[in-house]
Every structure is written in C-alpha cells, then in structure tokens.
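What follows is the content of my_file28.csv (CSV, C-alpha atoms).
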chain,number,residue,atom,x,y,z
A,22,MET,CA,-11.7,-175.2,-127.2
A,23,THR,CA,-13.8,-177.5,-125.0
A,24,ARG,CA,-17.4,-178.5,-125.8
A,25,SER,CA,-18.8,-176.4,-122.9
A,26,MET,CA,-17.0,-173.4,-124.2
A,27,VAL,CA,-18.3,-173.8,-127.8
A,28,VAL,CA,-21.9,-174.1,-126.4
A,29,MET,CA,-21.4,-170.9,-124.3
A,30,VAL,CA,-19.9,-168.9,-127.1
A,31,ALA,CA,-22.8,-170.0,-129.5
A,32,LEU,CA,-25.4,-169.1,-126.8
A,33,ALA,CA,-23.8,-165.8,-126.0
A,34,ALA,CA,-23.5,-164.8,-129.7
A,35,GLY,CA,-27.2,-165.8,-130.2
A,36,MET,CA,-28.3,-163.8,-127.2
A,37,PHE,CA,-26.4,-160.7,-128.1
A,38,ALA,CA,-27.8,-160.9,-131.7
A,39,ILE,CA,-31.4,-161.0,-130.2
A,40,ALA,CA,-30.8,-158.4,-127.5
A,41,PRO,CA,-31.2,-155.3,-129.8
A,42,TRP,CA,-34.7,-156.4,-130.8
A,43,LEU,CA,-35.8,-156.9,-127.2
A,44,ILE,CA,-34.3,-153.6,-126.2
A,45,ASN,CA,-36.0,-151.8,-129.1
A,46,GLY,CA,-39.3,-153.4,-128.2
A,47,ALA,CA,-39.1,-152.2,-124.5
A,48,PRO,CA,-41.3,-149.2,-123.9
A,49,SER,CA,-39.8,-145.7,-123.2
A,50,GLU,CA,-39.7,-144.6,-119.5
A,51,ALA,CA,-42.1,-141.9,-118.4
A,52,THR,CA,-39.6,-139.3,-117.1
A,53,MET,CA,-36.3,-140.3,-118.8
A,54,GLY,CA,-37.8,-141.2,-122.2
A,55,LEU,CA,-35.7,-143.2,-124.7
A,56,VAL,CA,-32.3,-142.6,-123.0
A,57,TYR,CA,-33.0,-145.0,-120.2
A,58,LYS,CA,-32.4,-147.8,-122.7
A,59,ILE,CA,-28.7,-147.4,-121.9
A,60,TYR,CA,-29.7,-149.2,-118.7
A,61,PHE,CA,-30.0,-152.6,-120.5
A,62,PHE,CA,-26.3,-152.7,-121.1
A,63,HIS,CA,-25.2,-150.3,-118.2
A,64,MET,CA,-26.7,-152.4,-115.4
A,65,PRO,CA,-25.3,-155.8,-116.6
A,66,SER,CA,-21.9,-154.2,-117.1
A,67,ALA,CA,-22.0,-152.8,-113.5
A,68,TRP,CA,-23.0,-156.2,-112.1
A,69,MET,CA,-20.2,-157.9,-114.0
A,70,PHE,CA,-17.8,-155.3,-112.7
A,71,LEU,CA,-18.8,-156.2,-109.2
A,72,VAL,CA,-18.7,-160.0,-110.0
A,73,ALA,CA,-15.2,-159.6,-111.4
A,74,ALA,CA,-14.0,-157.7,-108.4
A,75,THR,CA,-15.5,-160.4,-106.1
A,76,THR,CA,-13.9,-163.2,-108.2
A,77,ALA,CA,-10.5,-161.5,-108.0
A,78,GLY,CA,-11.0,-161.2,-104.2
A,79,VAL,CA,-12.0,-164.8,-103.7
A,80,ALA,CA,-9.1,-166.0,-105.9
A,81,SER,CA,-6.7,-163.7,-103.9
A,82,PHE,CA,-7.9,-165.3,-100.7
A,83,ARG,CA,-7.1,-168.8,-102.1
A,84,LEU,CA,-3.7,-167.6,-103.2
A,85,LEU,CA,-2.8,-165.8,-99.9
A,86,PHE,CA,-4.4,-168.0,-97.3
A,87,LEU,CA,-4.9,-171.5,-98.9
A,88,LYS,CA,-1.5,-171.3,-100.7
A,89,ARG,CA,-2.9,-172.2,-104.1
A,90,PRO,CA,-0.4,-170.7,-106.6
A,91,ARG,CA,-2.6,-171.3,-109.6
A,92,ALA,CA,-5.3,-169.1,-108.1
A,93,ASP,CA,-3.1,-166.2,-109.2
A,94,HIS,CA,-4.1,-166.9,-112.8
A,95,TRP,CA,-7.8,-166.3,-111.9
A,96,VAL,CA,-6.9,-163.1,-110.0
A,97,ILE,CA,-5.1,-161.7,-113.0
A,98,ALA,CA,-8.0,-162.7,-115.3
A,99,ALA,CA,-10.7,-161.4,-113.0
A,100,ALA,CA,-8.8,-158.1,-112.3
A,101,GLU,CA,-8.5,-157.4,-116.1
A,102,LEU,CA,-12.2,-158.0,-116.5
A,103,ALA,CA,-13.0,-155.7,-113.6
A,104,VAL,CA,-11.1,-153.0,-115.5
A,105,LEU,CA,-13.0,-153.8,-118.7
A,106,PHE,CA,-16.5,-153.9,-117.2
A,107,GLY,CA,-15.7,-151.1,-114.9
A,108,ALA,CA,-14.8,-148.9,-117.9
A,109,PHE,CA,-18.1,-149.9,-119.6
A,110,THR,CA,-20.0,-148.9,-116.5
A,111,LEU,CA,-18.1,-145.6,-116.0
A,112,VAL,CA,-18.6,-144.7,-119.7
A,113,THR,CA,-22.2,-145.7,-120.2
A,114,GLY,CA,-23.4,-144.2,-116.8
A,115,PRO,CA,-22.3,-140.6,-117.7
A,116,LEU,CA,-23.9,-140.9,-121.2
A,117,TRP,CA,-27.2,-141.8,-119.5
A,118,ALA,CA,-26.8,-139.2,-116.8
A,119,ARG,CA,-26.1,-136.4,-119.3
A,120,LYS,CA,-29.7,-136.5,-120.4
A,121,SER,CA,-31.4,-137.8,-117.3
A,122,TRP,CA,-29.7,-135.7,-114.7
A,123,GLY,CA,-28.4,-132.8,-116.9
A,124,VAL,CA,-24.8,-133.5,-115.9
A,125,TRP,CA,-22.1,-136.1,-116.9
A,126,TRP,CA,-21.1,-136.9,-113.4
A,127,VAL,CA,-21.9,-136.2,-109.7
A,128,TRP,CA,-19.6,-137.1,-106.9
A,129,ASP,CA,-22.1,-139.1,-104.9
A,130,ALA,CA,-21.3,-142.3,-102.9
A,131,ARG,CA,-22.2,-144.8,-105.7
A,132,LEU,CA,-20.3,-143.1,-108.5
A,133,THR,CA,-17.3,-142.2,-106.4
A,134,SER,CA,-16.9,-145.6,-104.9
A,135,SER,CA,-17.3,-147.3,-108.3
A,136,LEU,CA,-14.6,-145.0,-109.6
A,137,MET,CA,-12.4,-146.0,-106.6
A,138,LEU,CA,-13.0,-149.7,-107.3
A,139,PHE,CA,-12.0,-149.2,-111.0
A,140,MET,CA,-8.9,-147.4,-109.9
A,141,ILE,CA,-8.0,-150.2,-107.5
A,142,PHE,CA,-8.0,-152.7,-110.4
A,143,VAL,CA,-6.1,-150.4,-112.7
A,144,ALA,CA,-3.5,-150.1,-109.9
A,145,TYR,CA,-3.5,-154.0,-109.7
A,146,SER,CA,-2.9,-154.3,-113.4
A,147,LEU,CA,-0.1,-151.8,-113.3
A,148,LEU,CA,1.4,-153.5,-110.3
A,149,ARG,CA,1.4,-156.9,-112.0
A,150,ARG,CA,2.9,-155.4,-115.1
A,151,TYR,CA,5.7,-153.4,-113.6
A,152,GLY,CA,5.9,-154.7,-110.0
A,153,GLY,CA,8.4,-157.6,-110.6
A,154,PRO,CA,8.9,-160.5,-108.3
A,155,GLY,CA,6.5,-160.6,-105.3
A,156,SER,CA,3.9,-158.5,-107.0
A,157,ASP,CA,1.5,-161.5,-107.0
A,158,LYS,CA,1.0,-161.4,-103.2
A,159,LEU,CA,1.0,-157.6,-103.0
A,160,GLY,CA,-1.6,-157.6,-105.8
A,161,ALA,CA,-3.7,-160.2,-104.1
A,162,GLY,CA,-3.8,-157.9,-101.0
A,163,LEU,CA,-5.0,-155.1,-103.2
A,164,ALA,CA,-7.6,-157.3,-104.9
A,165,LEU,CA,-8.9,-158.3,-101.5
A,166,PHE,CA,-9.2,-154.7,-100.6
A,167,GLY,CA,-11.1,-154.1,-103.8
A,168,MET,CA,-13.5,-156.9,-103.0
A,169,ALA,CA,-14.2,-155.4,-99.6
A,170,ASN,CA,-15.6,-152.3,-101.5
A,171,VAL,CA,-18.2,-154.4,-103.4
A,172,PRO,CA,-21.0,-154.6,-100.7
A,173,PHE,CA,-20.4,-150.9,-99.9
A,174,ILE,CA,-20.9,-149.9,-103.6
A,175,TYR,CA,-24.1,-152.1,-103.8
A,176,VAL,CA,-25.8,-150.6,-100.7
A,177,SER,CA,-24.4,-147.0,-101.1
A,178,VAL,CA,-27.2,-146.0,-103.3
A,179,ASN,CA,-29.8,-146.9,-100.7
A,180,TYR,CA,-28.0,-145.2,-97.8
A,181,TRP,CA,-27.0,-142.0,-99.5
A,182,ARG,CA,-29.9,-141.1,-101.7
A,183,THR,CA,-28.9,-139.0,-104.7
A,184,PHE,CA,-29.9,-138.9,-108.4
A,185,HIS,CA,-28.8,-142.6,-108.9
A,186,PRO,CA,-31.7,-145.0,-108.9
A,187,PRO,CA,-31.8,-147.3,-105.8
A,188,THR,CA,-31.4,-151.1,-106.0
A,189,SER,CA,-35.2,-151.4,-105.4
A,190,VAL,CA,-35.8,-150.4,-109.0
A,191,VAL,CA,-34.8,-153.8,-110.4
A,192,PRO,CA,-37.3,-156.1,-108.7
A,193,LYS,CA,-40.1,-153.5,-109.3
A,194,LEU,CA,-39.5,-153.3,-113.1
A,195,PRO,CA,-42.6,-153.9,-115.2
A,196,VAL,CA,-42.5,-157.2,-117.2
A,197,GLU,CA,-41.9,-155.5,-120.6
A,198,MET,CA,-38.8,-153.7,-119.2
A,199,GLY,CA,-37.7,-156.7,-117.0
A,200,ILE,CA,-37.5,-159.3,-119.8
A,201,PRO,CA,-34.9,-157.4,-121.9
A,202,LEU,CA,-33.0,-156.5,-118.7
A,203,TRP,CA,-32.7,-160.1,-117.4
A,204,PHE,CA,-32.0,-161.3,-120.9
A,205,CYS,CA,-29.1,-158.9,-121.2
A,206,VAL,CA,-27.9,-159.9,-117.6
A,207,THR,CA,-27.8,-163.5,-118.7
A,208,ALA,CA,-25.9,-162.6,-122.0
A,209,PHE,CA,-23.4,-160.5,-120.0
A,210,THR,CA,-22.9,-163.3,-117.4
A,211,LEU,CA,-22.1,-165.7,-120.3
A,212,LEU,CA,-19.7,-163.2,-121.8
A,213,PHE,CA,-18.0,-162.7,-118.5
A,214,VAL,CA,-17.5,-166.5,-117.9
A,215,ILE,CA,-16.2,-167.0,-121.5
A,216,LEU,CA,-13.7,-164.1,-121.2
A,217,LEU,CA,-12.6,-165.2,-117.7
A,218,ARG,CA,-11.9,-168.7,-118.8
A,219,VAL,CA,-10.0,-167.6,-121.9
A,220,ARG,CA,-8.0,-165.0,-120.0
A,221,ALA,CA,-7.1,-167.6,-117.3
A,222,HIS,CA,-6.1,-170.1,-120.0
A,223,LEU,CA,-3.6,-167.5,-121.3
A,224,GLU,CA,-2.0,-167.4,-117.8
A,225,HIS,CA,-1.9,-171.2,-117.7
A,226,GLN,CA,-0.1,-171.2,-121.0
A,227,ARG,CA,2.3,-168.5,-119.8
A,228,GLU,CA,3.1,-170.7,-116.8
A,229,ARG,CA,3.8,-173.5,-119.3
A,230,VAL,CA,6.3,-171.3,-121.2
A,231,GLU,CA,8.1,-170.5,-118.0
A,232,ALA,CA,8.3,-174.2,-117.1
A,233,LEU,CA,9.7,-175.0,-120.6
A,234,TYR,CA,12.4,-172.2,-120.2
A,235,LEU,CA,13.3,-173.6,-116.8
A,236,ALA,CA,13.6,-177.1,-118.2
A,237,GLU,CA,15.7,-175.8,-121.0
A,238,ASP,CA,18.1,-174.0,-118.6
A,239,GLU,CA,18.4,-177.2,-116.5
A,240,ALA,CA,19.2,-179.4,-119.6
B,11,MET,CA,12.8,-126.3,-107.7
B,12,ARG,CA,12.5,-128.8,-110.6
B,13,LEU,CA,10.7,-131.2,-108.3
B,14,LEU,CA,8.3,-128.4,-107.3
B,15,ARG,CA,7.6,-127.6,-110.9
B,16,ILE,CA,6.9,-131.3,-111.6
B,17,LEU,CA,4.6,-131.5,-108.6
B,18,PHE,CA,2.8,-128.3,-109.8
B,19,VAL,CA,2.2,-129.8,-113.2
B,20,LEU,CA,1.0,-133.1,-111.7
B,21,ALA,CA,-1.4,-131.2,-109.4
B,22,ALA,CA,-2.7,-129.2,-112.4
B,23,LEU,CA,-3.3,-132.5,-114.4
B,24,ALA,CA,-5.1,-134.1,-111.4
B,25,ALA,CA,-7.5,-131.1,-111.4
B,26,VAL,CA,-8.6,-131.7,-115.0
B,27,PRO,CA,-11.0,-134.6,-114.3
B,28,ALA,CA,-12.6,-132.7,-111.4
B,29,ALA,CA,-13.1,-129.7,-113.7
B,30,ALA,CA,-14.5,-131.8,-116.5
B,31,PHE,CA,-17.1,-133.6,-114.4
B,32,SER,CA,-18.6,-130.4,-113.0
B,33,GLN,CA,-21.3,-130.7,-110.2
B,34,PRO,CA,-24.9,-130.1,-111.2
B,35,LYS,CA,-26.1,-126.5,-111.2
B,36,GLN,CA,-27.8,-125.3,-108.1
B,37,PRO,CA,-31.6,-124.8,-108.6
B,38,PRO,CA,-32.5,-121.1,-109.0
B,39,ALA,CA,-33.5,-119.4,-105.7
B,40,ASP,CA,-36.3,-117.5,-107.5
B,41,PHE,CA,-38.9,-118.3,-110.2
B,42,VAL,CA,-37.5,-117.6,-113.6
B,43,PRO,CA,-39.9,-116.3,-116.4
B,44,VAL,CA,-40.1,-118.8,-119.3
B,45,ALA,CA,-38.8,-116.2,-121.8
B,46,ASP,CA,-35.4,-116.0,-120.0
B,47,SER,CA,-34.9,-119.8,-119.5
B,48,GLU,CA,-33.1,-122.1,-121.9
B,49,GLN,CA,-36.4,-123.6,-123.0
B,50,GLY,CA,-35.2,-124.6,-126.5
B,51,GLU,CA,-32.4,-126.7,-125.2
B,52,GLN,CA,-33.1,-130.4,-125.7
B,53,ILE,CA,-30.5,-133.2,-125.6
B,54,PRO,CA,-31.2,-135.8,-128.2
B,55,ALA,CA,-31.2,-139.4,-126.8
B,56,MET,CA,-30.1,-141.4,-129.8
B,57,PRO,CA,-26.5,-140.2,-130.1
B,58,LEU,CA,-26.0,-141.0,-126.4
B,59,ILE,CA,-27.5,-144.5,-126.7
B,60,GLY,CA,-25.6,-145.1,-129.9
B,61,THR,CA,-22.3,-144.1,-128.3
B,62,ALA,CA,-23.0,-146.2,-125.2
B,63,TYR,CA,-23.7,-149.4,-127.1
B,64,GLY,CA,-21.0,-148.7,-129.7
B,65,LEU,CA,-18.3,-148.2,-127.1
B,66,ILE,CA,-19.3,-151.5,-125.4
B,67,TRP,CA,-19.0,-153.4,-128.6
B,68,VAL,CA,-15.7,-151.7,-129.5
B,69,GLY,CA,-14.4,-152.6,-126.0
B,70,VAL,CA,-15.5,-156.2,-126.2
B,71,PHE,CA,-14.1,-156.8,-129.7
B,72,GLY,CA,-10.9,-155.0,-128.8
B,73,TYR,CA,-10.4,-157.0,-125.7
B,74,VAL,CA,-11.1,-160.3,-127.5
B,75,TRP,CA,-8.6,-159.4,-130.2
B,76,SER,CA,-6.0,-158.4,-127.6
B,77,VAL,CA,-6.4,-161.7,-125.7
B,78,ALA,CA,-6.4,-163.8,-128.9
B,79,ARG,CA,-3.2,-162.0,-130.1
B,80,ARG,CA,-1.5,-162.7,-126.7
B,81,LEU,CA,-2.6,-166.3,-126.7
B,82,ARG,CA,-1.3,-166.9,-130.3
B,83,LYS,CA,2.1,-165.4,-129.3
B,84,VAL,CA,2.3,-167.6,-126.2
B,85,GLU,CA,1.2,-170.8,-128.1
B,86,ALA,CA,3.8,-170.1,-130.8
B,87,GLU,CA,6.4,-169.8,-128.1
B,88,ILE,CA,5.3,-173.1,-126.6
B,89,ALA,CA,5.5,-174.8,-130.0
B,90,ALA,CA,9.0,-173.4,-130.6
B,91,LEU,CA,10.3,-174.5,-127.2
B,92,GLU,CA,8.8,-178.0,-127.5
B,93,ALA,CA,10.2,-178.4,-131.0
B,94,LYS,CA,13.6,-177.4,-129.6
B,95,ARG,CA,13.4,-180.0,-126.8
B,96,ARG,CA,12.7,-182.8,-129.2
Hey, can you dump this file as structure tokens for me?
Amino acid sequence: MTRSMVVMVALAAGMFAIAPWLINGAPSEATMGLVYKIYFFHMPSAWMFLVAATTAGVASFRLLFLKRPRADHWVIAAAELAVLFGAFTLVTGPLWARKSWGVWWVWDARLTSSLMLFMIFVAYSLLRRYGGPGSDKLGAGLALFGMANVPFIYVSVNYWRTFHPPTSVVPKLPVEMGIPLWFCVTAFTLLFVILLRVRAHLEHQRERVEALYLAEDEA
Amino acid sequence: MRLLRILFVLAALAAVPAAAFSQPKQPPADFVPVADSEQGEQIPAMPLIGTAYGLIWVGVFGYVWSVARRLRKVEAEIAALEAKRR
C-alpha cells in the first residue's frame, strides 16, 4: 500500500466515524421531518454513481480512440463502482420517498434515467464476465453510451419537474444542513478514489498473471 | 410452443418490478371528511433511515471483502507462478 493510500484510508475512516454525529446534529426538515437525513448518504452516493459512470466513459474513450490498453483496467474498476454506488442510490432513494412522497417509486425522468444508467453498467459487467475475447471494446462502447446519459440525468430533474427535489436545493441549503452534506460528499469522494485505485490494482495484477502464464507457455 | 411458454414466463417476470413500484395514488376528486380518511396512518422515519444507512455499510464492507478476496487469490497465483519460474 502506497503512502498516499494509507493517508486516504485513514482520512476516510476518520470522516466516516465523525459523519453520524454531524448528521445527528443537523436539524429536521420542515415538511419531511427526520427522514430527509437519508439525503446525507443518498446524494453523495448519487454523485459518486455519476462520477463512476463518467470515469468509465473517459477511460473507454482512451481505450478506443487513443489505443491505451491499460485504460481497460480503469473502465472495469469504474463500471463496478457505478454498479455499487448506483445500487446505493436506487435503494436509499425509495426508502426516503416512501415517507416523503408516500410511494416507493415514481417513473419520472430522474429516477427512470438513473435506473437505465445502473442497468447499462450491470450489462457492462455481465458482458465483461461472459463476453469472451473482444468484450473489452464492445464494453467500452457501452460505457461511453452510459457516460452520455450523465448530463441528461443531472438536468432531468430541472426540465421535468416531479416530486424529486431540483439541483437548486444544494446551493440553497442552510449552513447547518450544508456542513454535514459537504462533509459526507468529501468522505464519499475519498471512498470512491480508494475503491477505484484498489479495484484497478486488481486488474493490473490479473494482467501480470496472464503475462506470467504466457511466459510459462513460451518457455 | 415451448419457446412461447418461456417468453410468456419472461414477460410475466418483467412485469413484477412494474407492479411492485406502483405509481402514486391520484388525489381524490372531492373533499373527503376526516372521519373516512386514513388519519392514523403514520410511517415511522427511523426504520427507513436505519435501513438506508445499514444497507450502505453492508454494501461497502461486502465490496471491500470481495475485492480483498479476489486480490489475495491473484497475488497467491502470481507468487506461485514466480516461484515456478525460478
């Protein structure tokens, strides 16, 4: 483990240990009451979901158009994290909605497009697992398509107004709600970077195993 | 015929999530007297918050465990292959 990684792990662990106190200290919201506190983990999860999809798209671009084969490792890592953070977003959102909106789910533009993005990266993971040779390039195309959805998901909530809060909620948050939120966003960003690096390292090591098997066959 | 049966079962399975995530109820067209409404129904927030935070932590620890297990396996394979080469 590199020194920067040790620092990041220690920092993230410390921040996640402090986060419950900050979240507990935040005031209840006037109309939603206590349940809005799901927001402090839901929103950072959703952002990391979009960041993971964008990372996978950028790495796919490098793989397909700049012919960087090692970029594939980052696509695999980011796609897996898009599935993980996407699952967090799609599970915590309905738990919040159940009390705030009275239903688990509505088929509005934001929720439906988020579900689509999640399914794109589940499809990517299945393709990489069972697709065989050539699935790296096919998968990169799929990840690029996934990244193209990200800006649409972000603005969808402003163009098609439904129950889901618009993006303007975040900059207008009162300080006592904003501090725990940005603290959690920072902790989740650290967690994302740590997991991305570890997962990409796994792919680097797998490449090394393949090289060793090839060297063994040639010997 | 068998293919049709399989397609029918798949279509039925695909309808399950749509049925589970039902759309919100339409607001009533008329005013409803308080005595007839579901006034006593209150959804407690704490179980929902606890489930949301709990699931995230289970997910994070499960994922870290899964990556660590895969990494250990690959590194053991590298060590075995390198030992074989020497």
Can you tell me, as an mmCIF file with C-alpha atoms, in the frame of the given file, what residues are no more than 7 Å from segment 81-88 of chain A when counting only C-alpha atoms, ignoring any on the same chain fewer than 3 positions away?
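And here's out.cif as it stands now:
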data_model
loop_
_atom_site.group_PDB
_atom_site.id
_atom_site.type_symbol
_atom_site.label_atom_id
_atom_site.label_comp_id
_atom_site.auth_asym_id
_atom_site.auth_seq_id
_atom_site.Cartn_x
_atom_site.Cartn_y
_atom_site.Cartn_z
ATOM 1 C CA ALA A 77 -10.500 -161.500 -108.000
ATOM 2 C CA GLY A 78 -11.000 -161.200 -104.200
ATOM 3 C CA ALA A 92 -5.300 -169.100 -108.100
ATOM 4 C CA ASP A 93 -3.100 -166.200 -109.200
ATOM 5 C CA VAL A 96 -6.900 -163.100 -110.000
ATOM 6 C CA LYS A 158 1.000 -161.400 -103.200
ATOM 7 C CA ALA A 161 -3.700 -160.200 -104.100
ATOM 8 C CA ALA A 164 -7.600 -157.300 -104.900
ATOM 9 C CA LEU A 165 -8.900 -158.300 -101.500
#
Kindly assemble as a Markdown table a list of the chain B residues that lie within 8 Å of chain A, each paired with its nearest atom pair and their distance in Å to one decimal, using all atoms listed in the file, sorted first by chain and then by ascending residue number.
| residue | atom | partner | partner_atom | distance |
| --- | --- | --- | --- | --- |
| B:Phe31 | CA | A:Trp126 | CA | 5.3 |
| B:Ser32 | CA | A:Trp126 | CA | 7.0 |
| B:Gln33 | CA | A:Val127 | CA | 5.6 |
| B:Pro34 | CA | A:Val124 | CA | 5.8 |
| B:Ile53 | CA | A:Lys120 | CA | 6.2 |
| B:Pro54 | CA | A:Lys120 | CA | 8.0 |
| B:Ala55 | CA | A:Val56 | CA | 5.1 |
| B:Met56 | CA | A:Val56 | CA | 7.2 |
| B:Leu58 | CA | A:Leu116 | CA | 5.6 |
| B:Ile59 | CA | A:Ile59 | CA | 5.7 |
| B:Thr61 | CA | A:Leu116 | CA | 8.0 |
| B:Ala62 | CA | A:Thr113 | CA | 5.1 |
| B:Tyr63 | CA | A:Phe62 | CA | 7.3 |
| B:Leu65 | CA | A:Phe109 | CA | 7.7 |
| B:Ile66 | CA | A:Phe109 | CA | 6.1 |
| B:Gly69 | CA | A:Leu105 | CA | 7.5 |
| B:Val74 | CA | A:Leu216 | CA | 7.8 |
| B:Val77 | CA | A:Arg220 | CA | 6.8 |
| B:Arg80 | CA | A:Leu223 | CA | 7.5 |
| B:Leu81 | CA | A:Leu223 | CA | 5.6 |
| B:Val84 | CA | A:Arg227 | CA | 6.5 |
| B:Glu85 | CA | A:Gln226 | CA | 7.2 |
| B:Glu87 | CA | A:Val230 | CA | 7.1 |
| B:Ile88 | CA | A:Val230 | CA | 5.8 |
| B:Leu91 | CA | A:Leu233 | CA | 6.6 |
| B:Glu92 | CA | A:Leu233 | CA | 7.6 |
| B:Arg95 | CA | A:Glu237 | CA | 7.5 |
Open item on the list: What's the separation between atom CA of Phe37 of chain A and atom CA of Ala98 of chain A, in Å to one decimal place?
Closed with: 22.5 Å
TODO: Find the residue from A:Val143, A:Val30, A:Glu197, A:Thr52 that sits nearest to Ile215 of chain A; use only C-alpha atoms when measuring.
DONE: A:Val30
